[in-house]
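A.B. asks: First, the structure itself, so that you have it in front of you.
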Amino acid sequence: MTEWLETDGLGGFAMGTADAIRTRRYHALLLAATEPPDRRMVLVADHEAFVVTPAGRFALTSHRYRGEVIHPDGTTRITRFDHEPWPRWEWTLPDGARVACELVVARGAPRTALRWTRLAGTVTALDVQPLLAPRDYHATHHENPAFRFAADVRGEVVTWRPYDGVPAIRVAANALYQHAPDWYRSFWLRDEAERGLDCQEDLAAPGVFTFDLAAGPAVMVLAADELTGDPAQTATRMFDGERARRARFASPLARAADAYVVARGAGQTIIAGYPWFSDWGRDTFISLRGLCLSPGSDRRDDARAILLAWAGVVDGGMLPNRFDEHDARPEYNSVDAALWYVVAAAAYLEGKTSAGDRERLEAAIAAIVDGHLAGTRHGIRVDRDGLLAAGVPGLQLTWMDAKVGDHVVTPRIGKPVEIQALWINALRIAGRTADAERATAAFRARFWDPARRQLYDVVDVDHEPGRIDPSTRPNQIFAIGGLPHALLDGDIARAVVDTAFRELWTPAGPHSLAPGDPRYAKCYAGGPAERDRCYHNGPVWPWLAGAFVEAWLRVRGNTAEARREAQRQFVAPLHDRLAIAGLGHLSEICDGDPPHRPCGCPFQAWSVAELLRLDALA
């Protein structure tokens, strides 16, 4: 299934499928962040559309209802779909008439514009019925007597206020509105069913907009803010403004990256992924280098704003991994978010920086390193060998953070390999050379597995000296690639990369666990518990391709020939996958076994960010 995404730069978005049949609770024409980028709410979930020609009345839309019933039959008439520069559909009707619809979400306001155009033949009328589902975006909507259908019609703007605490829903259209309240029941959301979640929904239909399509394009602007002026002019400004804005990006991938950098208050932040993630610390700083600091990017000011904002919430050497979406309470539950911050800040400081900004960022880096040296939450401390120990039972601190109830699937308590790479990089960036040299020597002595020519995933497991986890995982690659300072070189570095390539690499990126491991899960499927158990035990994670390819190049001297081969063998296949699932984007994960079906979050920031970084490397 291919999905498209349009964002407003505030954390709200419109999202759907190429055939325009909703399969997720997140698919919506208008989904607004009421406290950007938080408190997202679905407002307009879908619509019904019919056109009238001399041959009769024909549907342009379809929905899936309980029992896998598809009705009406509009999707059978779709003859073309494009997602560039925005979603656009064409339908061919039984008498040969052709109609197109295009959709755009402009940056800076919770608004979606739809524009229908007659392309050929005689089309006399278009009837459009918005289907409302005012609710939290993680929920589903069900028929209830509290829904208020009453419409406030003022000129060409119709407003509904269906519930207290929900934004007013406004529609501006060059059409006649007829109030006809009704419920459409038992929509079946196939993807939610496959995920073991509530998958049935009822939508409210307040009335019908009738357009004279023979007189010219039909426009409808859906909004969660005030609408004034002529609807056609408003829609034209949205389409024209977006066409000009999008044309300024260096590539379609750079334009896709723009979806993840959104407003938070007076500043900026990075959304980890659409549709269900907000801004997370770890994801933000893994993504920042690719999204904001890649060659040709004009987002250096955004990087500055993000880094300076987060500098103010360093606490005990840690940064929050996330803020609660409802009360903005910081959650300090990550061992690596602060260390990735150091890496991102160092990348920013390589460019031209004011003395004041440099001082603030270097102070934040020092506070993070000093906090870890002193010891902080969750058993995070520097051990006698200079390596960083972390973890307590029942808490997941690394990026492999799945949890089923009280069970942490991959606890990785002790000294995880990539945490040491991040820690030693942080020490070097902070100028703690002696500490970095000591830790590097301990790392080389303690993590090398000569029998399998790879690195252990965790040493001193559960803080038991000498106990190891020998799992073949991609985390080891950060000792050579993905970070500014490699911990290994020579034959050992080459052996680690060769093992990772042989055991873990796929055309979609590295496996999270080698297929030969008894725990390996070939398919990411089932309910929440089943999916979380396999989340890091086999599925492919495209974002790890950045570290892997950088390591592959480093052990080959980063020659021009090596870069050409990396482009052919690794980078080009990733670009090919931009057209498979989240159109123009890369998914969060893919199935472990071929054909590596994209799954998880279909639009993932760090996957896109690392591909952008790879484009500059290879």
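Scheme for the structure tokens: letters A, B, ... for chains in order shown; per-chain residue numbers from 1; ligand numbers from 1 in order shown.
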With only C-alpha atoms counted and 7 Å as the cut-off, give the residues of stretch 347-434 of chain A in contact with stretch 528-548 of chain A, each with its shortest interatomic distance in Å and the pair that gives it, as a tab-separated table.
C.D. replies:
residue	atom	partner	partner_atom	distance
A:Met400	CA	A:His536	CA	6.1
A:Ala402	CA	A:Asp532	CA	5.6
A:Lys403	CA	A:Asp532	CA	6.6
A:Val404	CA	A:Ala529	CA	5.7
A:Val409	CA	A:Arg533	CA	6.0
A.B. asks: Quick one: DSSP strand (DSSP E or B) residues in stretch 143-298 of chain A, as number ranges by chain?
C.D. replies: A: 151-154, 157-160, 169-173, 176-188, 200-211, 218-223, 261-264, 267-270, 273-274, 280
A.B. asks: Leaving out A:Ile580 and any residue of its chain fewer than 5 positions from it, which residues lie within 8 Å of it when counting only C-alpha atoms, given as JSON, numbers by chain?
C.D. replies: {"A": [1, 2, 598]}
A.B. asks: At a cut-off of 7 Å, using only C-alpha atoms, what residues contact stretch 117-124 of chain A? Leave out same-chain residues fewer than 6 positions from it and give the result as a PyMOL selection string.
C.D. replies: chain A and resi 51-53+96-101+212-214+217-218
A.B. asks: Would you mind telling me which residue in A:Arg300, A:His141, A:Arg39, A:Arg24 lies nearest to A:Val261 when using only C-alpha atoms?
C.D. replies: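 Of all the options, A:Arg300 lies closest to A:Val261.
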A.B. asks: Do you know which residues are at most 7 Å from A:Ala257 counting only C-alpha atoms, after dropping those on the same chain fewer than 2 positions away, and could you put them as a PyMOL selection string?
C.D. replies: chain A and resi 253-255+259-260+291+608-609
A.B. asks: Could you build a table of the residues in stretch 30-130 of chain A lying no more than 10 Å from stretch 308-332 of chain A, giving for each the nearest pair of atoms and their separation in Å rounded to one decimal place, using only C-alpha atoms, ordered by chain and ascending residue number, as JSON lines?
C.D. replies:
{"residue": "A:Glu35", "atom": "CA", "partner": "A:His326", "partner_atom": "CA", "distance": 9.1}
{"residue": "A:Pro36", "atom": "CA", "partner": "A:Glu325", "partner_atom": "CA", "distance": 9.9}
{"residue": "A:Pro37", "atom": "CA", "partner": "A:Glu325", "partner_atom": "CA", "distance": 8.6}
{"residue": "A:Asp38", "atom": "CA", "partner": "A:Glu325", "partner_atom": "CA", "distance": 5.4}
{"residue": "A:Arg39", "atom": "CA", "partner": "A:Glu325", "partner_atom": "CA", "distance": 6.2}
{"residue": "A:Arg40", "atom": "CA", "partner": "A:Glu325", "partner_atom": "CA", "distance": 8.9}
A.B. asks: Write a file of the selected residues as a JSON list (two decimals), in the first residue's frame, keeping N, CA and C atoms.
C.D. replies:
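What ended up in selection-v7.json:
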[["chain", "number", "residue", "atom", "x", "y", "z"],
["A", 35, "GLU", "N", -2.00, 22.35, 19.93],
["A", 35, "GLU", "CA", -0.93, 23.04, 20.65],
["A", 35, "GLU", "C", 0.38, 22.63, 19.99],
["A", 36, "PRO", "N", 0.68, 23.21, 18.83],
["A", 36, "PRO", "CA", 1.75, 22.71, 17.96],
["A", 36, "PRO", "C", 3.07, 22.47, 18.70],
["A", 37, "PRO", "N", 3.67, 21.29, 18.44],
["A", 37, "PRO", "CA", 3.22, 20.22, 17.54],
["A", 37, "PRO", "C", 2.40, 19.14, 18.26],
["A", 38, "ASP", "N", 1.86, 19.46, 19.44],
["A", 38, "ASP", "CA", 1.18, 18.48, 20.27],
["A", 38, "ASP", "C", -0.33, 18.59, 20.18],
["A", 39, "ARG", "N", -0.99, 17.68, 20.91],
["A", 39, "ARG", "CA", -2.46, 17.62, 20.97],
["A", 39, "ARG", "C", -3.06, 17.60, 19.56],
["A", 40, "ARG", "N", -2.63, 16.63, 18.79],
["A", 40, "ARG", "CA", -3.12, 16.50, 17.42],
["A", 40, "ARG", "C", -4.54, 15.92, 17.44]]
A.B. asks: Rounded to one decimal in Å, what is the spacing between atom CA of A:Asp283 and atom CA of A:Tyr348?
C.D. replies: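 Taking atom CA of A:Asp283 as the start and atom CA of A:Tyr348 as the end point, the length is 16.6 Å.
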A.B. asks: Mind giving me the straight-line distance from atom CA of A:Ala224 to atom CA of A:Ala150 in Å, one decimal?
C.D. replies: 16.7 Å
A.B. asks: Mind checking which residues fall within 10 Å of stretch 70-76 of chain A, counting only C-alpha atoms, ignoring those fewer than 2 positions away in the same chain, and posting them as a list in words?
C.D. replies: Ala18, Asp19, Ala20, Ile21, Glu48, Ala49, Phe50, Phe58, Ala59, Leu60, Thr61, Ser62, His63, Arg64, Tyr65, Arg66, Gly67, Glu68, Ile78, Thr79, Trp91, Thr92, Leu93, Phe187 and Trp188 of chain A
A.B. asks: Now that the selection is made, can you save its residues with C-alpha atoms as a PDB file, in the first residue's frame?
C.D. replies:
ATOM      1  CA  ALA A  18      -3.088   6.289  -3.490  1.00  0.00           C
ATOM      2  CA  ASP A  19      -6.522   4.725  -4.014  1.00  0.00           C
ATOM      3  CA  ALA A  20      -8.026   7.172  -1.462  1.00  0.00           C
ATOM      4  CA  ILE A  21      -9.469   4.405   0.754  1.00  0.00           C
ATOM      5  CA  GLU A  48     -17.830  11.454  -0.351  1.00  0.00           C
ATOM      6  CA  ALA A  49     -17.679  12.834  -3.894  1.00  0.00           C
ATOM      7  CA  PHE A  50     -20.005  12.269  -6.870  1.00  0.00           C
ATOM      8  CA  PHE A  58     -20.890   8.576 -10.699  1.00  0.00           C
ATOM      9  CA  ALA A  59     -18.797   8.194  -7.542  1.00  0.00           C
ATOM     10  CA  LEU A  60     -15.220   9.453  -7.329  1.00  0.00           C
ATOM     11  CA  THR A  61     -14.608   8.051  -3.832  1.00  0.00           C
ATOM     12  CA  SER A  62     -14.710   4.666  -2.122  1.00  0.00           C
ATOM     13  CA  HIS A  63     -14.617   3.448   1.483  1.00  0.00           C
ATOM     14  CA  ARG A  64     -14.045   0.110   3.127  1.00  0.00           C
ATOM     15  CA  TYR A  65     -16.806  -0.955   5.490  1.00  0.00           C
ATOM     16  CA  ARG A  66     -17.109  -3.841   7.936  1.00  0.00           C
ATOM     17  CA  GLY A  67     -16.993  -7.166   6.135  1.00  0.00           C
ATOM     18  CA  GLU A  68     -14.449  -5.836   3.619  1.00  0.00           C
ATOM     19  CA  ILE A  78      -9.108   6.169 -10.926  1.00  0.00           C
ATOM     20  CA  THR A  79      -6.890   6.129 -13.997  1.00  0.00           C
ATOM     21  CA  TRP A  91     -10.878   9.632 -12.950  1.00  0.00           C
ATOM     22  CA  THR A  92     -12.307   8.511 -16.286  1.00  0.00           C
ATOM     23  CA  LEU A  93     -16.086   8.154 -16.259  1.00  0.00           C
ATOM     24  CA  PHE A 187     -15.868   2.074   8.383  1.00  0.00           C
ATOM     25  CA  TRP A 188     -13.271  -0.700   8.508  1.00  0.00           C
TER      26      TRP A 188
END
A.B. asks: Could you check the closest approach to A:Gly466 for each of A:Pro515, A:Gly371, A:Gly386, A:Gly414 and tell me which residue wins, using only C-alpha atoms?
C.D. replies: A:Gly414
A.B. asks: Please identify all polymer residues within 8 Å of stretch 333-337 of chain A, counting only C-alpha atoms, omitting same-chain residues fewer than 4 positions from it, and present them as a list of chain:residue names.
C.D. replies: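 Result of the neighbour search: A:Gly281, A:Arg282, A:Asp283, A:Phe285, A:Met318, A:Leu319, A:Pro320, A:Asn321, A:Tyr341, A:His378, A:Ile380, A:Ala390, A:Leu395, A:Gln396, A:Leu397, A:Thr398, A:Trp399, A:Ile419, A:Leu422.
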A.B. asks: Would you mind exporting N, CA and C atoms of the selected residues as a PDB file, in the first residue's frame?
C.D. replies:
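Dumped to out.pdb:
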ATOM      1  N   GLY A 281      13.797  13.160  21.802  1.00  0.00           N
ATOM      2  CA  GLY A 281      15.172  13.610  21.903  1.00  0.00           C
ATOM      3  C   GLY A 281      16.135  12.806  21.055  1.00  0.00           C
ATOM      4  N   ARG A 282      16.134  11.492  21.245  1.00  0.00           N
ATOM      5  CA  ARG A 282      17.063  10.646  20.500  1.00  0.00           C
ATOM      6  C   ARG A 282      16.877  10.834  18.994  1.00  0.00           C
ATOM      7  N   ASP A 283      15.634  10.754  18.538  1.00  0.00           N
ATOM      8  CA  ASP A 283      15.354  10.867  17.100  1.00  0.00           C
ATOM      9  C   ASP A 283      15.746  12.238  16.563  1.00  0.00           C
ATOM     10  N   PHE A 285      18.183  14.251  17.493  1.00  0.00           N
ATOM     11  CA  PHE A 285      19.606  14.501  17.293  1.00  0.00           C
ATOM     12  C   PHE A 285      20.263  13.497  16.369  1.00  0.00           C
ATOM     13  N   MET A 318      21.710  14.577  31.430  1.00  0.00           N
ATOM     14  CA  MET A 318      20.770  13.899  30.532  1.00  0.00           C
ATOM     15  C   MET A 318      19.869  14.907  29.832  1.00  0.00           C
ATOM     16  N   LEU A 319      19.328  14.464  28.714  1.00  0.00           N
ATOM     17  CA  LEU A 319      18.281  15.199  28.018  1.00  0.00           C
ATOM     18  C   LEU A 319      17.028  14.323  27.980  1.00  0.00           C
ATOM     19  N   PRO A 320      15.844  14.937  27.966  1.00  0.00           N
ATOM     20  CA  PRO A 320      14.625  14.131  27.867  1.00  0.00           C
ATOM     21  C   PRO A 320      14.609  13.355  26.554  1.00  0.00           C
ATOM     22  N   ASN A 321      14.075  12.145  26.612  1.00  0.00           N
ATOM     23  CA  ASN A 321      13.859  11.428  25.359  1.00  0.00           C
ATOM     24  C   ASN A 321      12.576  11.886  24.698  1.00  0.00           C
ATOM     25  N   TYR A 341      23.016  14.344  21.135  1.00  0.00           N
ATOM     26  CA  TYR A 341      23.018  15.818  21.127  1.00  0.00           C
ATOM     27  C   TYR A 341      24.443  16.337  20.955  1.00  0.00           C
ATOM     28  N   HIS A 378      19.240   6.182  36.546  1.00  0.00           N
ATOM     29  CA  HIS A 378      19.099   4.868  35.905  1.00  0.00           C
ATOM     30  C   HIS A 378      20.404   4.083  35.814  1.00  0.00           C
ATOM     31  N   ILE A 380      23.342   5.115  35.204  1.00  0.00           N
ATOM     32  CA  ILE A 380      24.277   5.615  34.185  1.00  0.00           C
ATOM     33  C   ILE A 380      25.489   6.202  34.905  1.00  0.00           C
ATOM     34  N   ALA A 390      25.194   1.468  32.148  1.00  0.00           N
ATOM     35  CA  ALA A 390      23.856   2.063  32.210  1.00  0.00           C
ATOM     36  C   ALA A 390      22.814   0.969  32.365  1.00  0.00           C
ATOM     37  N   LEU A 395      13.594  -1.022  32.733  1.00  0.00           N
ATOM     38  CA  LEU A 395      13.670   0.228  31.982  1.00  0.00           C
ATOM     39  C   LEU A 395      14.525   0.022  30.746  1.00  0.00           C
ATOM     40  N   GLN A 396      14.056   0.533  29.615  1.00  0.00           N
ATOM     41  CA  GLN A 396      14.776   0.418  28.355  1.00  0.00           C
ATOM     42  C   GLN A 396      15.407   1.766  28.036  1.00  0.00           C
ATOM     43  N   LEU A 397      16.731   1.814  27.956  1.00  0.00           N
ATOM     44  CA  LEU A 397      17.438   3.092  27.830  1.00  0.00           C
ATOM     45  C   LEU A 397      18.070   3.324  26.460  1.00  0.00           C
ATOM     46  N   THR A 398      18.315   2.268  25.696  1.00  0.00           N
ATOM     47  CA  THR A 398      18.945   2.465  24.394  1.00  0.00           C
ATOM     48  C   THR A 398      17.879   2.568  23.312  1.00  0.00           C
ATOM     49  N   TRP A 399      18.307   2.752  22.070  1.00  0.00           N
ATOM     50  CA  TRP A 399      17.335   2.899  20.982  1.00  0.00           C
ATOM     51  C   TRP A 399      16.554   1.614  20.763  1.00  0.00           C
ATOM     52  N   ILE A 419      26.706   2.647  22.804  1.00  0.00           N
ATOM     53  CA  ILE A 419      26.777   3.668  23.859  1.00  0.00           C
ATOM     54  C   ILE A 419      28.238   4.009  24.139  1.00  0.00           C
ATOM     55  N   LEU A 422      29.363   6.295  21.329  1.00  0.00           N
ATOM     56  CA  LEU A 422      28.839   7.642  21.551  1.00  0.00           C
ATOM     57  C   LEU A 422      29.567   8.322  22.697  1.00  0.00           C
TER      58      LEU A 422
END
A.B. asks: In Å, rounded to a single decimal, give me how far atom CA of A:Asp127 is from atom CA of A:Pro54.
C.D. replies: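 Atom CA of A:Asp127 lies at a distance of 15.2 Å from atom CA of A:Pro54.
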A.B. asks: Given the choices A:Gly265, A:Pro252, A:Pro594, A:Pro206, which gets closest to A:Val128 if the distance is worked out from only C-alpha atoms?
C.D. replies: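 Going through A:Gly265, A:Pro252, A:Pro594, A:Pro206 one by one, the smallest distance to A:Val128 is for A:Pro206.
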